[in-house]
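Below is data_31.csv, which holds CSV, C-alpha atoms.
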```
chain,number,residue,atom,x,y,z
I,30,MET,CA,-88.8,-201.8,-70.7
I,31,THR,CA,-86.5,-202.0,-73.7
I,32,ALA,CA,-85.4,-198.9,-75.6
I,33,LYS,CA,-87.4,-200.0,-78.6
I,34,GLN,CA,-90.6,-200.3,-76.5
I,35,SER,CA,-89.9,-196.9,-74.9
I,36,ALA,CA,-89.5,-195.2,-78.3
I,37,ALA,CA,-92.7,-196.8,-79.6
I,38,GLU,CA,-94.7,-195.6,-76.5
I,39,GLY,CA,-93.4,-192.1,-76.5
I,40,VAL,CA,-90.8,-189.8,-75.0
I,41,ARG,CA,-90.7,-188.7,-71.4
I,42,TYR,CA,-91.0,-184.9,-70.9
I,43,LEU,CA,-90.6,-182.7,-67.9
I,44,VAL,CA,-93.6,-180.3,-67.7
I,45,LEU,CA,-92.7,-176.8,-66.6
I,46,GLN,CA,-94.6,-173.6,-65.9
I,47,ALA,CA,-93.0,-170.5,-67.6
I,48,GLY,CA,-95.1,-167.4,-67.1
I,49,GLN,CA,-98.6,-168.3,-68.1
I,50,VAL,CA,-97.5,-171.1,-70.4
I,51,ARG,CA,-97.0,-174.8,-69.6
I,52,CYS,CA,-94.2,-176.3,-71.6
I,53,ALA,CA,-92.5,-179.6,-71.8
I,54,VAL,CA,-88.8,-180.4,-72.2
I,55,PRO,CA,-87.5,-183.8,-73.1
I,56,VAL,CA,-86.1,-185.4,-69.9
I,57,HIS,CA,-83.0,-186.6,-71.7
I,58,GLN,CA,-82.1,-182.9,-72.4
I,59,VAL,CA,-82.3,-182.0,-68.7
I,60,ARG,CA,-79.2,-182.5,-66.6
I,61,ARG,CA,-80.9,-181.7,-63.3
I,62,VAL,CA,-83.5,-179.4,-61.7
I,63,VAL,CA,-82.5,-177.1,-58.8
I,64,ARG,CA,-84.2,-174.6,-56.7
I,65,ALA,CA,-83.6,-171.1,-58.0
I,66,VAL,CA,-80.7,-169.3,-56.4
I,67,PRO,CA,-79.7,-165.7,-56.5
I,68,VAL,CA,-78.7,-164.4,-59.9
I,69,TYR,CA,-76.2,-161.7,-60.6
I,70,ALA,CA,-77.3,-159.5,-63.4
I,71,LEU,CA,-75.0,-158.3,-66.2
I,72,PRO,CA,-75.8,-154.7,-66.9
I,73,GLY,CA,-76.9,-154.1,-70.4
I,74,SER,CA,-77.5,-157.7,-71.4
I,75,THR,CA,-80.5,-158.8,-73.4
I,76,GLN,CA,-83.6,-159.3,-71.4
I,77,ASP,CA,-83.6,-163.1,-71.7
I,78,LEU,CA,-80.2,-163.3,-70.0
I,79,LEU,CA,-81.0,-162.9,-66.3
I,80,GLY,CA,-77.3,-163.1,-65.4
I,81,LEU,CA,-75.0,-165.5,-63.7
I,82,ALA,CA,-75.7,-167.8,-60.8
I,83,GLU,CA,-73.5,-170.1,-58.7
I,84,ILE,CA,-74.5,-173.6,-59.3
I,85,GLU,CA,-72.4,-176.4,-57.9
I,86,GLY,CA,-69.6,-174.0,-57.5
I,87,GLU,CA,-69.6,-172.8,-61.1
I,88,PRO,CA,-70.8,-169.5,-62.7
I,89,ILE,CA,-73.7,-170.5,-64.9
I,90,PRO,CA,-75.6,-168.2,-67.3
I,91,VAL,CA,-79.3,-168.1,-66.4
I,92,LEU,CA,-81.9,-167.6,-69.2
I,93,ASP,CA,-85.5,-166.6,-68.6
I,94,LEU,CA,-87.5,-169.4,-70.1
I,95,ALA,CA,-90.7,-167.4,-70.3
I,96,ARG,CA,-89.0,-164.7,-72.3
I,97,LEU,CA,-87.4,-167.2,-74.6
I,98,ILE,CA,-90.8,-168.6,-75.5
I,99,GLN,CA,-92.5,-165.2,-75.3
I,100,ALA,CA,-94.9,-166.4,-72.6
I,101,PRO,CA,-96.9,-163.7,-70.9
I,102,PRO,CA,-95.6,-163.2,-67.4
I,103,GLY,CA,-97.3,-165.0,-64.6
I,104,GLY,CA,-97.6,-164.2,-60.9
I,105,THR,CA,-94.9,-164.6,-58.3
I,106,PRO,CA,-93.9,-168.2,-58.4
I,107,ALA,CA,-94.1,-170.2,-55.2
I,108,CYS,CA,-91.2,-172.5,-56.0
I,109,PRO,CA,-89.1,-171.2,-58.9
I,110,VAL,CA,-86.6,-173.6,-60.3
I,111,TYR,CA,-83.6,-173.7,-62.7
I,112,ILE,CA,-83.5,-176.4,-65.3
I,113,ILE,CA,-79.8,-177.2,-65.9
I,114,ALA,CA,-79.0,-178.3,-69.4
I,115,GLU,CA,-76.0,-178.5,-71.7
I,116,THR,CA,-75.6,-176.8,-75.0
I,117,GLY,CA,-72.8,-176.4,-77.5
I,118,SER,CA,-70.8,-178.7,-79.7
I,119,SER,CA,-69.2,-181.9,-78.5
I,120,ASN,CA,-65.8,-180.3,-78.0
I,121,ARG,CA,-67.2,-177.4,-76.1
I,122,ARG,CA,-70.2,-178.3,-73.9
I,123,GLU,CA,-71.6,-175.5,-71.8
I,124,ARG,CA,-74.0,-175.6,-69.0
I,125,ILE,CA,-76.9,-173.2,-68.8
I,126,ALA,CA,-79.8,-172.7,-66.5
I,127,LEU,CA,-83.3,-172.0,-67.6
I,128,ALA,CA,-85.4,-170.1,-65.0
I,129,ALA,CA,-88.9,-171.5,-64.8
I,130,ASP,CA,-91.7,-170.8,-62.4
I,131,ALA,CA,-92.2,-174.4,-61.5
I,132,ALA,CA,-91.4,-178.0,-62.4
I,133,GLU,CA,-94.7,-179.9,-62.3
I,134,GLU,CA,-94.5,-183.5,-63.5
I,135,ILE,CA,-93.0,-186.0,-65.9
I,136,VAL,CA,-95.3,-187.1,-68.6
I,137,MET,CA,-95.0,-189.5,-71.6
I,138,LEU,CA,-96.0,-187.9,-74.9
I,139,PRO,CA,-96.7,-190.1,-77.9
I,140,PRO,CA,-94.2,-189.9,-80.8
I,141,GLY,CA,-95.4,-187.8,-83.7
I,142,GLY,CA,-98.2,-186.3,-81.6
I,143,LEU,CA,-97.2,-182.7,-81.9
I,144,ALA,CA,-99.5,-180.1,-83.5
I,145,GLY,CA,-98.8,-176.6,-84.6
I,146,PRO,CA,-95.8,-175.0,-86.3
I,147,ALA,CA,-92.3,-175.4,-85.0
I,148,ALA,CA,-90.5,-172.1,-84.4
I,149,GLY,CA,-87.1,-171.8,-82.7
I,150,LEU,CA,-87.2,-173.4,-79.3
I,151,ILE,CA,-90.8,-174.5,-79.7
I,152,GLN,CA,-91.3,-177.8,-81.5
I,153,GLY,CA,-95.0,-177.8,-81.4
I,154,GLU,CA,-97.9,-178.4,-79.1
I,155,ALA,CA,-99.3,-181.4,-77.3
I,156,VAL,CA,-101.7,-182.2,-74.6
I,157,ALA,CA,-100.5,-183.4,-71.2
I,158,GLY,CA,-102.8,-184.0,-68.2
I,159,GLY,CA,-105.7,-182.7,-70.2
I,160,GLN,CA,-104.0,-179.3,-70.8
I,161,PRO,CA,-102.0,-178.0,-73.7
I,162,VAL,CA,-98.3,-177.8,-73.4
I,163,ARG,CA,-95.7,-176.3,-75.7
I,164,VAL,CA,-93.1,-178.8,-76.5
I,165,LEU,CA,-89.5,-177.5,-76.5
I,166,ASN,CA,-86.3,-178.7,-78.0
I,167,LEU,CA,-83.4,-177.3,-76.0
I,168,ALA,CA,-81.0,-178.2,-78.8
I,169,ALA,CA,-82.4,-175.2,-80.7
I,170,LEU,CA,-80.5,-173.0,-78.3
I,171,GLU,CA,-77.3,-174.1,-80.0
I,172,GLU,CA,-78.6,-172.8,-83.4
I,173,GLU,CA,-79.4,-169.3,-82.3
G,22,MET,CA,-59.6,-172.6,-67.7
G,23,ILE,CA,-56.7,-170.4,-66.7
G,24,ARG,CA,-55.6,-169.0,-63.4
G,25,GLU,CA,-54.9,-165.3,-63.5
G,26,ARG,CA,-54.4,-162.3,-61.3
G,27,VAL,CA,-57.8,-160.5,-61.0
G,28,THR,CA,-58.8,-157.4,-59.1
G,29,VAL,CA,-62.4,-157.9,-57.8
G,30,LEU,CA,-64.4,-154.7,-57.5
G,31,ARG,CA,-67.9,-153.6,-56.9
G,32,ARG,CA,-69.4,-150.9,-59.0
G,33,GLU,CA,-73.1,-149.9,-59.1
G,34,GLY,CA,-74.1,-153.1,-57.4
G,35,THR,CA,-72.3,-155.4,-59.8
G,36,THR,CA,-69.2,-157.4,-59.0
G,37,TRP,CA,-66.6,-157.2,-61.7
G,38,GLY,CA,-63.3,-158.9,-62.4
G,39,LEU,CA,-60.5,-156.7,-63.8
G,40,PRO,CA,-57.5,-158.3,-65.3
G,41,GLY,CA,-54.5,-157.8,-63.0
G,42,GLU,CA,-52.2,-156.7,-65.8
G,43,GLN,CA,-54.3,-153.6,-66.4
G,44,VAL,CA,-54.0,-152.2,-62.9
G,45,ARG,CA,-51.3,-149.5,-62.4
G,46,GLY,CA,-52.4,-148.4,-59.0
G,47,VAL,CA,-55.1,-147.6,-56.6
G,48,VAL,CA,-55.8,-144.2,-54.9
G,49,ARG,CA,-58.5,-143.2,-52.5
G,50,ASP,CA,-59.9,-139.7,-52.8
G,51,GLY,CA,-63.0,-137.8,-51.8
G,52,ARG,CA,-65.1,-139.6,-54.4
G,53,GLY,CA,-64.1,-143.1,-53.4
G,54,VAL,CA,-61.6,-145.5,-54.8
G,55,GLN,CA,-59.9,-144.9,-58.1
G,56,ILE,CA,-58.3,-147.8,-59.9
G,57,LEU,CA,-55.6,-146.4,-62.2
G,58,LEU,CA,-55.2,-148.1,-65.6
G,59,GLU,CA,-52.7,-147.4,-68.4
G,60,ASP,CA,-55.3,-145.4,-70.3
G,61,GLY,CA,-57.6,-144.1,-67.7
G,62,SER,CA,-59.2,-144.9,-64.3
G,63,ILE,CA,-62.2,-146.6,-62.9
G,64,ALA,CA,-64.2,-145.1,-60.0
G,65,ALA,CA,-65.1,-148.2,-58.0
G,66,ASP,CA,-67.5,-148.3,-55.0
G,67,GLU,CA,-65.2,-150.9,-53.4
G,68,ILE,CA,-62.3,-153.1,-54.1
G,69,LEU,CA,-63.2,-156.5,-52.7
G,70,ALA,CA,-60.1,-158.5,-53.4
G,71,VAL,CA,-56.9,-158.8,-55.4
G,72,HIS,CA,-56.8,-162.5,-56.3
G,73,GLN,CA,-53.5,-163.8,-57.5
G,74,HIS,CA,-54.7,-167.1,-59.0
G,75,LEU,CA,-58.4,-166.8,-59.7
G,76,THR,CA,-59.7,-169.7,-61.9
G,77,VAL,CA,-61.2,-168.0,-65.0
G,78,ALA,CA,-63.3,-170.0,-67.4
G,79,PRO,CA,-63.9,-169.0,-71.0
G,80,ALA,CA,-66.9,-166.7,-71.5
G,81,PRO,CA,-69.9,-168.9,-72.2
G,82,THR,CA,-71.4,-168.6,-75.7
G,83,THR,CA,-74.7,-167.9,-74.1
G,84,VAL,CA,-73.3,-164.7,-72.5
G,85,VAL,CA,-71.2,-163.6,-75.5
G,86,ARG,CA,-74.4,-163.7,-77.7
G,87,ARG,CA,-76.5,-161.7,-75.3
G,88,TRP,CA,-74.1,-159.1,-73.8
G,89,ALA,CA,-72.5,-156.4,-75.8
G,90,VAL,CA,-69.5,-156.1,-73.4
G,91,PRO,CA,-66.6,-158.2,-74.6
G,92,CYS,CA,-66.3,-160.8,-71.8
G,93,ARG,CA,-62.9,-162.3,-71.2
G,94,GLY,CA,-64.2,-165.0,-68.9
G,95,VAL,CA,-66.3,-165.9,-65.9
G,96,ALA,CA,-65.2,-166.9,-62.4
G,97,MET,CA,-66.3,-167.5,-58.9
G,98,TRP,CA,-65.1,-165.4,-56.1
G,99,ASN,CA,-66.2,-165.9,-52.5
G,100,GLY,CA,-69.4,-167.6,-53.7
G,101,VAL,CA,-70.2,-164.8,-56.1
G,102,PRO,CA,-70.1,-165.3,-59.9
G,103,LEU,CA,-68.4,-162.5,-61.8
G,104,VAL,CA,-67.3,-161.6,-65.3
G,105,VAL,CA,-63.8,-160.7,-66.1
G,106,VAL,CA,-63.8,-157.8,-68.6
G,107,ASP,CA,-61.4,-155.2,-69.9
G,108,GLY,CA,-61.5,-152.2,-67.6
G,109,ARG,CA,-62.6,-149.9,-70.3
G,110,TYR,CA,-66.0,-151.6,-70.3
G,111,ILE,CA,-66.6,-151.4,-66.6
G,112,PRO,CA,-69.0,-148.6,-65.6
G,113,GLY,CA,-67.2,-145.7,-64.1
G,114,PHE,CA,-64.2,-145.9,-66.5
G,115,ARG,CA,-62.8,-142.6,-67.5
G,116,GLY,CA,-60.3,-142.4,-70.2
G,117,GLU,CA,-57.4,-140.0,-70.1
G,118,GLU,CA,-58.1,-136.8,-71.9
```

Spell out the structure here as structure tokens.
Amino acid sequence: MTAKQSAAEGVRYLVLQAGQVRCAVPVHQVRRVVRAVPVYALPGSTQDLLGLAEIEGEPIPVLDLARLIQAPPGGTPACPVYIIAETGSSNRRERIALAADAAEEIVMLPPGGLAGPAAGLIQGEAVAGGQPVRVLNLAALEEE
Amino acid sequence: MIRERVTVLRREGTTWGLPGEQVRGVVRDGRGVQILLEDGSIAADEILAVHQHLTVAPAPTTVVRRWAVPCRGVAMWNGVPLVVVDGRYIPGFRGEE
């Protein structure tokens, strides 16, 4: 498949569960997905910053994805994961981890198929697998 | 990244990194371990290590934006991620009166 064909057909997204909300992150913004590991809290930090975790030998800040998108909390996740992504400018890239309840599947969403208003991390809504998903743009984390 | 002398301590369940140049001494008394600084002291639950060349990375922007404590950097010690902060911001700090 050529890049042109791929762009015409859509963009690949990783579907995640965050609290009671399904969301989708562009695959090209995801560096990797790892099983959740212990996180070391920073006393007095904002609630969306869970703390630091050791990932590949480095201290990486862990953000609570459900809080970032204001999703109602879900039950105890069976297989919590961290989505590793990079933020920041080209001269100072930083790795972050987004804590999610589960990584479910990779789907193709059609270009321009988003509904609803964009706000912060949320670009809009789409339907994947017959269910609504909130489509996220992790680049918005750089603009906070 | 820089390599610096860091005292690694535990206080209230959190592992902290204290810049080595701030440490004037350590005393053990009936309350536990007191780390003496130039302008006060920290009551630590435990001193875990004094690392001569700990690799300290700049504080991630993600942390700086979400934590009121001025963070000098982050590091790994013995598999545990920690923040390196001025001792005055570590819980248990008591300034000289």

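For the atom pair formed by atom CA of I:Ala47 and atom CA of I:Glu123, the distance is 22.4 Å, given to one decimal.
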
Can you write out as a Markdown table which residues of chain I fall within 7 Å of chain G, alongside each residue's closest atom pair and its distance in Å to one decimal, counting only C-alpha atoms and ordering rows by chain and ascending residue number?
```
| residue | atom | partner | partner_atom | distance |
| --- | --- | --- | --- | --- |
| I:Gly73 | CA | G:Trp88 | CA | 6.7 |
| I:Ser74 | CA | G:Trp88 | CA | 4.4 |
| I:Thr75 | CA | G:Arg87 | CA | 5.3 |
| I:Leu78 | CA | G:Arg87 | CA | 6.7 |
| I:Leu81 | CA | G:Pro102 | CA | 6.2 |
| I:Ala82 | CA | G:Pro102 | CA | 6.2 |
| I:Glu83 | CA | G:Pro102 | CA | 6.0 |
| I:Glu87 | CA | G:Met97 | CA | 6.6 |
| I:Pro88 | CA | G:Pro102 | CA | 5.1 |
| I:Pro90 | CA | G:Val84 | CA | 6.7 |
| I:Glu123 | CA | G:Pro81 | CA | 6.8 |
```

Between atom CA of G:Leu57 and atom CA of G:Ile23, what is the spacing in Å? 24.4 Å

With 6 Å added on each side, what axis-aligned box encloses every listed atom of stretch 28-32 of chain G? Give the centre and edge lengths in Å to one decimal, as AutoDock Vina command-line options.
```
--center_x -64.1 --center_y -154.4 --center_z -58.0 --size_x 22.6 --size_y 19.0 --size_z 14.2
```

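Taking atom CA of G:Gly61 as the reference point, atom CA of G:Phe114 is found at 6.9 Å.
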
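Closest approach to G:Arg24 among G:Ser62, G:Thr76, G:Gln43, G:Gln55: G:Thr76, based on only C-alpha atoms.
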
Would you kindly return, as an MDAnalysis selection string, each protein, DNA or RNA residue with an atom no farther than 7 Å from any atom of stretch 53-63 of chain I, considering only C-alpha atoms and excluding same-chain residues fewer than 5 positions away? chainID I and resid 41:45 110:114 162:167

My list of candidates is G:Gly38, G:Pro91, G:Gly113, G:Met22. Which is closest to G:Asp66 when distances are computed with only C-alpha atoms? G:Gly113

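Minimum atom-to-atom distances from G:Val27, G:Gly94, G:Ala65, G:Asn99 to G:Leu39 were compared using only C-alpha atoms, and the lowest value belongs to G:Val27.
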
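Each of I:Leu97, I:Leu92, I:Val40, I:Ile84 was checked against I:Gly142 using all atoms listed in the file; the smallest atom-to-atom distance is that of I:Val40.
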
Counting only C-alpha atoms, the residue of G:Glu118, G:Ala70, G:Leu75, G:Val44 that sits nearest G:Ile56: G:Val44

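For the residues I:Val156, I:Leu94, I:Leu150, I:Leu138, ranking by smallest atom-to-atom distance to I:Ile125 using only C-alpha atoms places I:Leu94 first.
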